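For reference, data13.txt is printed below; it contains compact mmCIF, C-alpha atoms.
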# COMPACT_ATOMS: atom_id res chain seq x y z
CA MET A 398 4.84 1.09 -7.93
CA LYS A 399 2.30 1.42 -10.76
CA ASN A 400 0.16 -1.42 -12.08
CA LEU A 401 0.49 -1.70 -15.87
CA ALA A 402 -1.66 -3.38 -18.49
CA ILE A 403 -0.32 -3.96 -22.00
CA MET A 404 -2.69 -4.35 -24.95
CA VAL A 405 -1.44 -6.15 -28.06
CA SER A 406 -2.47 -7.49 -31.45
CA GLY A 407 0.78 -8.91 -32.79
CA ARG A 408 4.24 -10.16 -31.89
CA GLY A 409 4.76 -7.92 -28.87
CA SER A 410 8.37 -6.77 -29.26
CA ASN A 411 7.65 -3.47 -27.49
CA MET A 412 5.77 -5.40 -24.80
CA VAL A 413 8.81 -7.61 -24.17
CA ASN A 414 11.08 -4.57 -23.85
CA ILE A 415 8.81 -2.94 -21.30
CA VAL A 416 8.43 -6.15 -19.27
CA GLU A 417 12.23 -6.57 -19.27
CA GLU A 418 12.74 -3.03 -17.99
CA THR A 419 10.25 -3.61 -15.16
CA LYS A 420 12.09 -6.82 -14.22
CA LYS A 421 15.39 -4.92 -14.09
CA GLY A 422 13.83 -2.28 -11.87
CA ASN A 423 14.34 0.50 -14.41
CA ILE A 424 10.57 1.04 -14.60
CA LYS A 425 8.78 1.44 -11.28
CA GLY A 426 5.84 -0.63 -12.35
CA ARG A 427 4.55 -4.18 -12.70
CA VAL A 428 2.89 -5.57 -15.80
CA LYS A 429 -0.17 -7.21 -14.26
CA VAL A 430 -2.05 -8.26 -17.37
CA VAL A 431 -1.74 -8.49 -21.17
CA ILE A 432 -4.90 -8.25 -23.28
CA SER A 433 -5.18 -9.06 -26.99
CA ASN A 434 -7.95 -8.64 -29.55
CA LYS A 435 -6.44 -11.54 -31.54
CA ALA A 436 -6.30 -15.10 -30.25
CA ASP A 437 -3.22 -15.95 -32.32
CA ALA A 438 -1.12 -12.93 -31.29
CA PRO A 439 2.43 -14.24 -30.55
CA ALA A 440 2.65 -11.67 -27.74
CA LEU A 441 0.25 -13.76 -25.63
CA GLU A 442 2.65 -16.71 -25.40
CA LYS A 443 5.53 -14.36 -24.63
CA ALA A 444 3.52 -12.79 -21.81
CA LYS A 445 2.62 -16.20 -20.40
CA ALA A 446 6.32 -17.11 -20.39
CA TYR A 447 6.84 -14.20 -18.00
CA GLY A 448 4.04 -15.48 -15.78
CA ILE A 449 1.76 -12.57 -16.70
CA ASP A 450 -2.01 -13.10 -16.82
CA THR A 451 -3.38 -12.91 -20.36
CA TYR A 452 -6.82 -12.41 -21.88
CA THR A 453 -8.13 -12.60 -25.43
CA VAL A 454 -11.18 -10.42 -26.02
CA LEU A 455 -12.66 -10.85 -29.51
CA GLN A 456 -14.83 -8.18 -31.12
CA SER A 457 -16.92 -10.94 -32.71
CA ASP A 458 -18.16 -11.93 -29.25
CA PHE A 459 -19.77 -8.50 -28.70
CA SER A 460 -22.58 -6.62 -30.37
CA SER A 461 -20.77 -3.27 -30.43
CA LYS A 462 -17.41 -1.58 -29.88
CA SER A 463 -18.84 -0.10 -26.70
CA GLU A 464 -19.72 -3.53 -25.28
CA TYR A 465 -16.27 -4.79 -26.25
CA ASP A 466 -14.52 -1.93 -24.46
CA LYS A 467 -16.75 -2.36 -21.38
CA LYS A 468 -15.42 -5.91 -21.09
CA VAL A 469 -11.81 -4.74 -21.40
CA ILE A 470 -12.38 -2.01 -18.80
CA GLU A 471 -13.88 -4.63 -16.47
CA ILE A 472 -10.69 -6.72 -16.77
CA LEU A 473 -8.49 -3.66 -16.17
CA LYS A 474 -10.48 -2.61 -13.09
CA GLY A 475 -9.98 -6.11 -11.69
CA TYR A 476 -6.21 -5.54 -11.71
CA ASP A 477 -6.39 -1.97 -10.35
CA ILE A 478 -4.51 -0.71 -13.42
CA ASP A 479 -2.81 2.69 -13.28
CA LEU A 480 -1.48 2.84 -16.84
CA VAL A 481 -2.67 1.19 -20.07
CA VAL A 482 0.09 0.66 -22.63
CA LEU A 483 -0.91 -0.05 -26.23
CA ALA A 484 1.87 -2.03 -27.94
CA GLY A 485 0.84 -2.82 -31.50
CA TYR A 486 -2.84 -2.85 -30.51
CA MET A 487 -4.65 -2.43 -33.82
CA LYS A 488 -7.98 -1.12 -32.62
CA LEU A 489 -9.40 2.34 -31.95
CA LEU A 490 -10.72 2.94 -28.45
CA THR A 491 -14.18 4.28 -27.66
CA LYS A 492 -14.70 7.55 -25.79
CA GLU A 493 -15.95 5.47 -22.86
CA PHE A 494 -12.60 3.66 -22.66
CA VAL A 495 -10.56 6.88 -22.99
CA ASP A 496 -12.69 8.61 -20.34
CA ALA A 497 -12.18 5.68 -17.94
CA TYR A 498 -8.39 6.26 -18.04
CA PRO A 499 -7.82 9.96 -18.81
CA ASN A 500 -4.17 10.64 -19.68
CA ARG A 501 -3.40 7.08 -18.59
CA ILE A 502 -3.46 5.33 -21.98
CA VAL A 503 -0.38 5.57 -24.20
CA ASN A 504 0.54 4.31 -27.65
CA ILE A 505 3.63 4.18 -29.83
CA HIS A 506 3.35 5.01 -33.52
CA PRO A 507 6.11 4.33 -36.10
CA ALA A 508 6.11 7.84 -37.60
CA LEU A 509 6.69 11.42 -36.51
CA LEU A 510 3.14 12.49 -35.74
CA PRO A 511 1.08 14.38 -36.78
CA SER A 512 2.35 13.06 -40.13
CA PHE A 513 1.51 9.58 -41.44
CA ARG A 514 -1.23 8.46 -39.11
CA GLY A 515 -2.86 5.06 -39.32
CA LEU A 516 -1.63 1.79 -40.80
CA ASP A 517 1.68 1.22 -42.62
CA ALA A 518 3.09 4.51 -41.39
CA GLN A 519 6.65 3.54 -42.28
CA LYS A 520 5.63 2.80 -45.88
CA GLN A 521 3.59 6.01 -46.02
CA ALA A 522 6.66 8.01 -44.97
CA PHE A 523 9.00 6.10 -47.29
CA ASP A 524 6.69 6.49 -50.29
CA PHE A 525 6.36 10.20 -49.58
CA GLY A 526 10.14 10.50 -49.76
CA VAL A 527 10.84 11.92 -46.31
CA LYS A 528 14.48 12.41 -45.31
CA ILE A 529 13.75 12.00 -41.60
CA ALA A 530 11.34 9.41 -40.18
CA GLY A 531 10.90 8.16 -36.62
CA CYS A 532 8.45 7.20 -33.89
CA THR A 533 6.11 8.93 -31.47
CA VAL A 534 4.73 8.05 -28.05
CA HIS A 535 1.44 9.82 -27.40
CA PHE A 536 -1.55 9.77 -25.11
CA VAL A 537 -4.54 8.04 -26.66
CA ASP A 538 -7.85 9.69 -27.47
CA GLU A 539 -10.73 8.42 -29.61
CA GLY A 540 -9.06 9.51 -32.83
CA MET A 541 -6.49 7.65 -34.93
CA ASP A 542 -3.08 8.71 -33.57
CA THR A 543 -4.40 12.16 -32.64
CA GLY A 544 -3.61 12.31 -28.89
CA LYS A 545 -1.09 14.66 -27.26
CA ILE A 546 2.54 13.89 -28.12
CA ILE A 547 4.76 12.92 -25.18
CA ALA A 548 8.07 12.13 -26.91
CA GLN A 549 9.58 11.42 -30.32
CA ARG A 550 12.74 9.91 -31.81
CA ALA A 551 14.00 10.58 -35.31
CA VAL A 552 15.91 8.40 -37.77
CA ILE A 553 17.67 9.45 -40.96
CA VAL A 554 16.34 7.90 -44.16
CA ASP A 555 19.39 6.89 -46.21
CA GLU A 556 19.46 6.64 -50.01
CA GLU A 557 19.88 2.86 -49.82
CA ASP A 558 17.01 2.32 -47.37
CA THR A 559 14.02 0.16 -48.25
CA VAL A 560 10.67 0.09 -46.46
CA GLU A 561 11.93 -2.99 -44.59
CA SER A 562 15.24 -1.45 -43.50
CA LEU A 563 13.54 1.80 -42.49
CA THR A 564 10.96 -0.16 -40.47
CA GLU A 565 13.80 -1.94 -38.67
CA LYS A 566 15.59 1.34 -37.91
CA ILE A 567 12.41 2.85 -36.51
CA LEU A 568 11.71 -0.27 -34.42
CA LYS A 569 15.14 0.02 -32.77
CA GLU A 570 14.24 3.56 -31.68
CA GLU A 571 10.80 2.39 -30.51
CA HIS A 572 12.51 -0.12 -28.23
CA LYS A 573 14.44 2.72 -26.57
CA LEU A 574 11.73 5.37 -26.51
CA TYR A 575 8.72 3.41 -25.24
CA PRO A 576 10.31 2.02 -22.04
CA TYR A 577 11.74 5.49 -21.34
CA VAL A 578 8.30 7.12 -21.57
CA VAL A 579 6.66 4.37 -19.48
CA LYS A 580 9.41 4.97 -16.88
CA LEU A 581 8.58 8.70 -16.84
CA LEU A 582 4.86 7.97 -16.45
CA CYS A 583 5.48 5.56 -13.58
CA GLU A 584 7.50 8.29 -11.86
CA ASP A 585 4.73 10.90 -12.44
CA ARG A 586 7.13 13.02 -14.47
CA VAL A 587 4.84 13.58 -17.46
CA ILE A 588 2.96 16.83 -16.89
CA VAL A 589 -0.09 17.48 -19.09
CA GLU A 590 -0.58 21.15 -19.90
CA GLU A 591 -3.27 22.65 -22.14
CA ASN A 592 -1.69 22.13 -25.53
CA LYS A 593 1.47 20.23 -24.80
CA ILE A 594 3.31 17.86 -22.53
CA ARG A 595 6.12 18.84 -20.18
CA ILE A 596 8.66 16.37 -18.75
CA LYS A 597 9.52 17.04 -15.14
CA GLU A 598 13.21 16.85 -14.25
CA GLU A 599 14.33 13.82 -12.26
CA ASP A 600 14.41 14.44 -8.52
CA SER A 601 18.08 14.40 -7.52
CA HIS A 602 17.32 13.68 -3.85

Target format structure tokens, applied to this file:
Amino acid sequence: MKNLAIMVSGRGSNMVNIVEETKKGNIKGRVKVVISNKADAPALEKAKAYGIDTYTVLQSDFSSKSEYDKKVIEILKGYDIDLVVLAGYMKLLTKEFVDAYPNRIVNIHPALLPSFRGLDAQKQAFDFGVKIAGCTVHFVDEGMDTGKIIAQRAVIVDEEDTVESLTEKILKEEHKLYPYVVKLLCEDRVIVEENKIRIKEEDSH
């Protein structure tokens, strides 16, 4: 059973899905702590409703990004965290943070990486006129959405779609894909090779 930490900045819909899947026993892990960089993130109240410990760590309380991340790492170490799950966490991590949890920090991005990195990815894709959009779960490095890709889901962009309807379609796929990848990670079925990720078949025994 893996110990999970979820890091959030907003409403936490992906967080809720992952917590629900752990409660059902579909993910062999426990969400031990939720950390936010925003005091007013709705995800914090949702986490508290599940009885999960929560922390707000504000950048304004620290002199540098490095000092900020040291504080977050200190919290994570206190819970013996195996996997760090970024769920709408709007902050780049320092090399120090990434090195503390190599191949143990994951993020979901609402576009088919490596295209449309950064903020408002759904709008970027829509404005570019793509016919297929989607979402990506990837390991986190110091770059912006540049880590190794673990899994992706695609959605068709219909003629009548708007940015809002496309965002909703992508979110539905996020809610399926992210718990699935966290499940794989908790079962040690994500194999990191030099340039790509391999998913190990489920043990039938």

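The residue that comes closest to A:Lys429, out of A:Asn400, A:Ser406, A:Thr564, A:Gln456 and on the basis of all atoms listed in the file, is A:Asn400.
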
With distances taken over all atoms listed in the file, the candidate from A:Met404, A:Ile470, A:Val454, A:Ile553 nearest A:Ala530 is A:Ile553

Could you name the residues that touch A:Thr491 at 6 Å or less, counting only C-alpha atoms, but leaving out those on the same chain fewer than 2 positions away, as a PyMOL selection string?
-> chain A and resi 493-494+539

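Distances here use all atoms listed in the file; by that measure, the residue among A:Val469, A:Val527, A:Ile415, A:Ala484 closest to A:Ala497 is A:Val469.
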
Selection: 9 Å around A:Lys443, all atoms listed in the file, excl. self and same-chain fewer than 4 positions, as a PDB file with C-alpha atoms, in the coordinates of the input:
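See selection-v6.pdb below for the written result:
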ATOM      1  CA  ARG A 408       4.240 -10.160 -31.890  1.00  0.00           C
ATOM      2  CA  GLY A 409       4.760  -7.920 -28.870  1.00  0.00           C
ATOM      3  CA  MET A 412       5.770  -5.400 -24.800  1.00  0.00           C
ATOM      4  CA  VAL A 413       8.810  -7.610 -24.170  1.00  0.00           C
ATOM      5  CA  PRO A 439       2.430 -14.240 -30.550  1.00  0.00           C
ATOM      6  CA  TYR A 447       6.840 -14.200 -18.000  1.00  0.00           C
ATOM      7  CA  ILE A 449       1.760 -12.570 -16.700  1.00  0.00           C
TER       8      ILE A 449
END

Of A:Cys532, A:Asp538, A:Glu598, A:Phe513, the one sitting nearest A:Lys566 when using only C-alpha atoms is A:Cys532

List the neighbours of A:Ile424 out to 6 Å using only C-alpha atoms; skip same-chain residues closer than 5 positions along the sequence, and give me the result as a list in words.
-> Glu418, Thr419 and Lys580 of chain A

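Computed from the coordinates, the atom CA of A:Gly475 to atom CA of A:Cys583 distance equals 19.5 Å.
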
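Using only C-alpha atoms, the contacts of A:Leu516 at a cut-off of 9 Å, with sequence neighbours closer than 4 positions omitted, comprise Met487, Lys520 and Gln521 of chain A.
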
Output C-alpha atoms of each residue in that selection to a file, as an mmCIF file, keeping the file's coordinate frame.
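Ended up saving to selection_27.cif:
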data_model
loop_
_atom_site.group_PDB
_atom_site.id
_atom_site.type_symbol
_atom_site.label_atom_id
_atom_site.label_comp_id
_atom_site.auth_asym_id
_atom_site.auth_seq_id
_atom_site.Cartn_x
_atom_site.Cartn_y
_atom_site.Cartn_z
ATOM 1 C CA MET A 487 -4.650 -2.430 -33.820
ATOM 2 C CA LYS A 520 5.630 2.800 -45.880
ATOM 3 C CA GLN A 521 3.590 6.010 -46.020
#

Return the single residue from A:Ser410, A:Ser457, A:Asn504, A:Gln549 that is closest to A:Leu483, with distances computed using all atoms listed in the file.
-> A:Asn504

Please identify all polymer residues within 10 Å of A:Pro511, counting all atoms listed in the file, omitting same-chain residues fewer than 3 positions from it, and present them as JSON, numbers by chain.
-> {"A": [508, 514, 533, 542, 543, 544, 545, 546]}

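Counting from atom CA of A:Val560, the distance to atom CA of A:Ile505 is 18.5 Å.
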
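Atom pair atom CA of A:Leu563 / atom CA of A:Gln519: separated by 7.1 Å.
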